[in-house]
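> Take this structure, written in C-alpha cells, and hold onto it; I'll ask about it next.
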Amino acid sequence: MKRILSIALALVMVFALVACGSQTNAPTSTNAPAATETTPAATDSQTTADTTAEAAKPHIGIVTGSVSQSEDDRRGAEAFQAMYGEDMVKLAIYPDNFTEELETTIQTIVNLSDDPDMKAIIVNQAVPGTTEAFRQIKERRPDIICIAGESHEDLPEIGSAADLVCNNDFVARGYLIIRTAHELGCDTFVHISFPRHMSYETMSRRVAIMKAACEEFGMSFVLETAPDPTTDVGVAGAQAYILEKVPEWVEKYGKNAAYFCTNDAHTEPLLKQLLEYGGYFIEADLPSPTMGYPGALGVDLTAEAGDYAKILAKVEEAIVEKGGAGKFGTWAYSYGYTVSAGLAQHALNVINGESELLDIDDISKAYEVFSPGAAWNGSNYTNAQTGVKADNTFLIYQDTYIMGNPGKYMGSTSIEVPEKYFTIA
C-alpha cells in the first residue's frame with residue numbers, strides 16, 4: 001500500500017509540474033502569434049496612409065519649348081519639378097516647329113488633363129494652339145487651372161480660355177527700353193523681327209510704343225527684318241543671317257545704336273557681333289543673363305547652373321573683358337525661368353488656399369521665390385481699342401541691369417510710364 005501511495009504521489013507531482021510548465025509557456029505561445037499579426041497590420045495601415053497622401057498631392061503640368069528654342073523656360077520647369085518631385089510635377093514639350101505642327105501642340109497640352117490628379121497646367125511660352133487646348137481641357141476638366149505664360153496669341157483671345165495670363169510688360173518695357181537707351185547715350189534704335197512676330201498684338205503694339213518713345217527722346221527708329229527660325233531656313237539659317245548682317249548694320253547706323261530682336265535664336269549671334277563690331281543691347285525680348293550671352297561670350301556656366309547671382313557675375317566679368325561695360329544689359333534673373341517656375345508655384349499656392357489666383361501681389365510673391373531680391377512691377381493688361389482692363393491678364397517686368405565695372409540697376413521698376421503709352425495701338 002505504501003508503495004502504491006508513493007507512486008500515486010509521484011504521478012501527482014509530475015502532472016503538477018507539467019501543468020505549471022504549460023501555464024508558464026502559454027503567454028509566450030499566445031502572444032507571439034498576436035505580435036506577428038499586429039505588425040503587418042500596422043505596416044499595411046501606414047502604406048495605405050502613404051498611398052492616400054501621395055494620391056492627395058495635386059499634380060501640376062508645365063509645357064514649354066525645347067532647350068534649343070527656349071532653354072530658360074525649360075530649365076525653370078525642371079527647377080520646379082526638382083523642388084516638388086516627378087510624381088507631382090509633369091513636364092511636356094511642344095514641337096520646335098509649332099506653327100506647322102498645330103495639332104501636335106494642342107494635343108501635347110491637352111494630354112496632361114488625362115491625369116485624374118492634374119489640378120493646374122501652365123504653358124510657357126503659350127504658343128499658337130494654347131487657346132484651343134485650354135478650351136478642350138475646360139470642356140473635359142473644368143476643375144483644372146489653366147495658366148498661360150508669355151502668350152503668342154492675342155491677349156483677349158487667350159484670356160477668354162485661360163484662367164490666368166501673364167506676359168512681359170510690352171507696354172511699359174516698350175517705353176522703358178527706349179528711355180534706358182537714351183540715358184546711355186544711344187541715338188538710334190534698331191528693331192529686328194519677322195512677319196509672324198509682327199502679327200502678334202503684343203509685339204506690334206510694343207513696336208508702336210518704341211517708335212513713339214524714340215520720337216519723344218529724339219532718337220531714330222529703324223525696323224530690320226530677319227528670317228523666322230520656325231520656317232524652312234531653321235535656327236541655323238536664321239542665326240547665320242544675323243551674323244552676316246550685323247557688321248553692315250553697325251556700319252550703317254553707327255556704334256551709338258541700340259539693338260533689339262524679338263526671337264531667342266537671334267539673340268546669341270546679335271550679341272556676338274555687337275561685342276565685336278560695336279553697339280548697345282539694353283535687354284533681350286525675354287531677358288536673362290543666360291539668354292544669348294554664354295554662347296556669344298564663350299563662357300561655360302555649368303558650375304553656376306541655377307545660381308543666377310553667380311551666373312550674372314560671370315557673364316558681367318566676360319562683358320567687361322570684351323570692352324562692353326555700360327553697353328549690355330539684362331534682367332538679373334531669367335524671365336523665362338522665373339515664369340515657368342513662378343507660375344507653377346503660384347498655381348500650387350492657389351490650390352493650397354494660400355494665394356488668390358488674380359492677385360498681382362500673390363503672383364509677384366511666387367515669382368520672388370525664384371528671383372530673390374529682384375524688383376518687379378506690372379499692371380493689368382489694357383485693351384488699346386476699348387481702354388478696358390482685363391481682370392485675368394497681367395503684364396509684368398523686372399528692373400533692367402546694365403553690366404559694367406561696377407554694373408548697376410537702372411531703376412526701371414520705379415519709373416512712372418506716361419499714361420498715353422498704354423493706349424497706343
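Simple scheme: letters A, B, ... for chains in C-alpha cells order, numbers from 1 for residues in each chain, numbers from 1 for ligands in the order shown.
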Can you tell me which residues surround stretch 334-342 of chain A at a distance of at most 7 Å, considering only C-alpha atoms, apart from same-chain residues fewer than 4 positions away, and format the answer as a ChimeraX atom specification?

/A:72-73,75-77,79-80,124,149,286-289,346,366-367,370-371

> With C-alpha atoms retained, write the just-selected residues as a short mmCIF file (atom, residue, chain, number, x, y, z; two decimals), in the first residue's frame.


data_model
loop_
_atom_site.label_atom_id
_atom_site.label_comp_id
_atom_site.auth_asym_id
_atom_site.auth_seq_id
_atom_site.Cartn_x
_atom_site.Cartn_y
_atom_site.Cartn_z
CA ASP A 72 15.36 79.18 -69.80
CA ASP A 73 11.66 78.28 -69.97
CA ARG A 75 15.11 75.00 -67.02
CA GLY A 76 12.54 76.82 -64.90
CA ALA A 77 10.10 73.94 -65.34
CA ALA A 79 13.71 73.54 -61.30
CA PHE A 80 10.11 73.43 -60.09
CA ASN A 124 5.22 78.91 -71.19
CA GLY A 149 2.84 82.46 -69.66
CA LEU A 286 12.72 87.70 -72.71
CA PRO A 287 15.65 88.91 -70.61
CA SER A 288 18.14 86.69 -68.81
CA PRO A 289 21.91 86.58 -68.23
CA HIS A 346 1.54 80.45 -57.85
CA ALA A 366 5.55 83.38 -56.26
CA TYR A 367 7.96 84.90 -58.79
CA PHE A 370 12.82 82.11 -57.93
CA SER A 371 14.23 85.65 -58.16
#

> Can you tell me, as a list in words, what residues are no more than 8 Å from stretch 184-190 of chain A when counting only C-alpha atoms, ignoring any on the same chain fewer than 2 positions away?

Ile178, Thr180, Ala181, His182, Ile192, Cys214, Gly218, Met219, Ser220, Phe221, Val222, Leu223, Glu224, Tyr253, Asn256, Ala257, Ala258, Tyr259, Phe260, Tyr280, Gly326 and Lys327 of chain A

> Residues as selected, C-alpha atoms, written as a CSV table (one decimal), in the first residue's frame, can you do that?


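File produced: part.csv:
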chain,number,residue,atom,x,y,z
A,178,ILE,CA,14.0,103.3,-75.2
A,180,THR,CA,17.3,103.4,-71.0
A,181,ALA,CA,19.0,103.5,-74.4
A,182,HIS,CA,18.6,107.3,-74.4
A,192,ILE,CA,14.8,93.2,-85.6
A,214,CYS,CA,12.1,107.3,-79.8
A,218,GLY,CA,14.8,112.5,-80.2
A,219,MET,CA,16.1,109.1,-81.4
A,220,SER,CA,15.9,107.4,-84.8
A,221,PHE,CA,13.8,104.2,-85.0
A,222,VAL,CA,14.7,101.5,-87.6
A,223,LEU,CA,12.9,98.3,-88.5
A,224,GLU,CA,15.0,95.4,-89.8
A,253,TYR,CA,23.7,103.1,-88.1
A,256,ASN,CA,25.7,104.5,-80.8
A,257,ALA,CA,22.8,102.4,-82.0
A,258,ALA,CA,21.0,100.0,-79.6
A,259,TYR,CA,19.6,96.7,-81.0
A,260,PHE,CA,16.6,94.6,-80.0
A,280,TYR,CA,24.3,98.6,-77.5
A,326,GLY,CA,28.0,100.1,-69.8
A,327,LYS,CA,26.6,98.9,-73.1

> Quick one: residues within 9 Å of A:Ala120, only C-alpha atoms counted, chain neighbours fewer than 5 positions away excluded, as a list in words?

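The residues satisfying every condition are Pro58, His59, Ile60, Gly61, Ile62, Ser113, Asp143, Ile144, Ile145, Cys146, Ile147, Ala344, Ala347, Leu348 and Ile351 of chain A.
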
> Can you write just those residues out, C-alpha atoms, as a short mmCIF file (atom, residue, chain, number, x, y, z; two decimals), in the first residue's frame?


data_model
loop_
_atom_site.label_atom_id
_atom_site.label_comp_id
_atom_site.auth_asym_id
_atom_site.auth_seq_id
_atom_site.Cartn_x
_atom_site.Cartn_y
_atom_site.Cartn_z
CA PRO A 58 -2.13 67.98 -56.60
CA HIS A 59 -0.39 67.27 -59.89
CA ILE A 60 0.85 70.27 -61.84
CA GLY A 61 1.76 70.15 -65.54
CA ILE A 62 4.20 72.52 -67.24
CA SER A 113 -5.52 66.58 -68.47
CA ASP A 143 -11.51 71.92 -62.35
CA ILE A 144 -8.05 72.30 -63.88
CA ILE A 145 -6.49 75.78 -63.56
CA CYS A 146 -5.17 76.81 -67.00
CA ILE A 147 -2.36 79.39 -66.97
CA ALA A 344 3.70 76.83 -61.22
CA ALA A 347 -0.79 77.66 -59.04
CA LEU A 348 0.28 75.48 -56.12
CA ILE A 351 -4.57 75.16 -54.87
#

> Report as number ranges by chain all protein, DNA and RNA residues lying within 12 Å of A:Phe134, evaluated on only C-alpha atoms, omitting residues in the same chain fewer than 4 positions from it.

A: 105-113, 120-123, 126-130, 138-148, 157-165

> Atom CA of A:Thr202 and atom CA of A:Val417, how far apart in Å?

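That distance, rounded to one decimal, is 17.1 Å.
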
> Which of stretch 95-264 of chain A end up as strand (DSSP E or B) when DSSP is run on this backbone - answer as a CSV table (one decimal) with C-alpha atoms, in the first residue's frame?


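This is the output file part_2.csv:
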chain,number,residue,atom,x,y,z
A,118,MET,CA,-3.9,67.1,-62.5
A,119,LYS,CA,-5.0,70.4,-60.9
A,120,ALA,CA,-3.2,73.0,-63.0
A,121,ILE,CA,-1.5,73.3,-66.4
A,122,ILE,CA,1.0,76.0,-67.2
A,123,VAL,CA,2.1,76.7,-70.8
A,124,ASN,CA,5.2,78.9,-71.2
A,125,GLN,CA,5.5,80.2,-73.8
A,126,ALA,CA,1.9,80.0,-74.8
A,145,ILE,CA,-6.5,75.8,-63.6
A,146,CYS,CA,-5.2,76.8,-67.0
A,147,ILE,CA,-2.4,79.4,-67.0
A,148,ALA,CA,-0.6,81.0,-70.0
A,149,GLY,CA,2.8,82.5,-69.7
A,150,GLU,CA,4.1,84.8,-72.4
A,151,SER,CA,1.3,84.2,-74.9
A,164,LEU,CA,-4.7,83.5,-65.8
A,165,VAL,CA,-2.4,85.1,-68.4
A,166,CYS,CA,1.0,86.6,-67.5
A,167,ASN,CA,3.1,88.3,-70.2
A,168,ASN,CA,6.1,90.5,-70.1
A,188,THR,CA,19.3,105.1,-82.9
A,189,PHE,CA,17.2,102.1,-82.0
A,190,VAL,CA,17.2,99.1,-84.4
A,191,HIS,CA,14.3,96.6,-84.0
A,192,ILE,CA,14.8,93.2,-85.6
A,193,SER,CA,11.9,90.8,-86.3
A,220,SER,CA,15.9,107.4,-84.8
A,221,PHE,CA,13.8,104.2,-85.0
A,222,VAL,CA,14.7,101.5,-87.6
A,223,LEU,CA,12.9,98.3,-88.5
A,224,GLU,CA,15.0,95.4,-89.8
A,225,THR,CA,13.7,92.0,-90.9
A,257,ALA,CA,22.8,102.4,-82.0
A,258,ALA,CA,21.0,100.0,-79.6
A,259,TYR,CA,19.6,96.7,-81.0
A,260,PHE,CA,16.6,94.6,-80.0
A,261,CYS,CA,15.4,91.3,-81.5

> So which residues touch A:Ser199 within 10 Å, counting only C-alpha atoms, skipping near sequence neighbours fewer than 4 positions away, as number ranges by chain?

A: 152-154, 194-195, 203-205

> Provide the atom CA of A:Phe422 to atom CA of A:Val388 distance in Å, to one decimal place.

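Atom CA of A:Val388 lies 10.9 Å from atom CA of A:Phe422.
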
> Please list as JSON, numbers by chain every residue within 6 Å of A:Ile396, counting only C-alpha atoms and excluding residues in the same chain fewer than 3 positions away.

{"A": [168, 169, 377, 378]}

> Which residue, A:Thr423, A:Ala172, A:Asp359, A:Val299, has the smallest gap to A:Gln398 when you use only C-alpha atoms?

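Nearest candidate to A:Gln398 out of A:Thr423, A:Ala172, A:Asp359, A:Val299: A:Ala172.
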
> Which distance in Å separates atom CA of A:Tyr84 and atom CA of A:Asp300, to one decimal?

27.7 Å

> Can you list, as a PyMOL selection string, all residues belonging to stretch 245-403 of chain A that DSSP tags as alpha helix (DSSP H)?

chain A and resi 245-253+264-277+293-297+308-321+335-351+360-369

> Which is closer to A:Met403 than all the others in A:Ser355, A:Ile282, A:Ala305, A:Met291, using only C-alpha atoms?

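Among A:Ser355, A:Ile282, A:Ala305, A:Met291, it is A:Ile282 that comes nearest to A:Met403.
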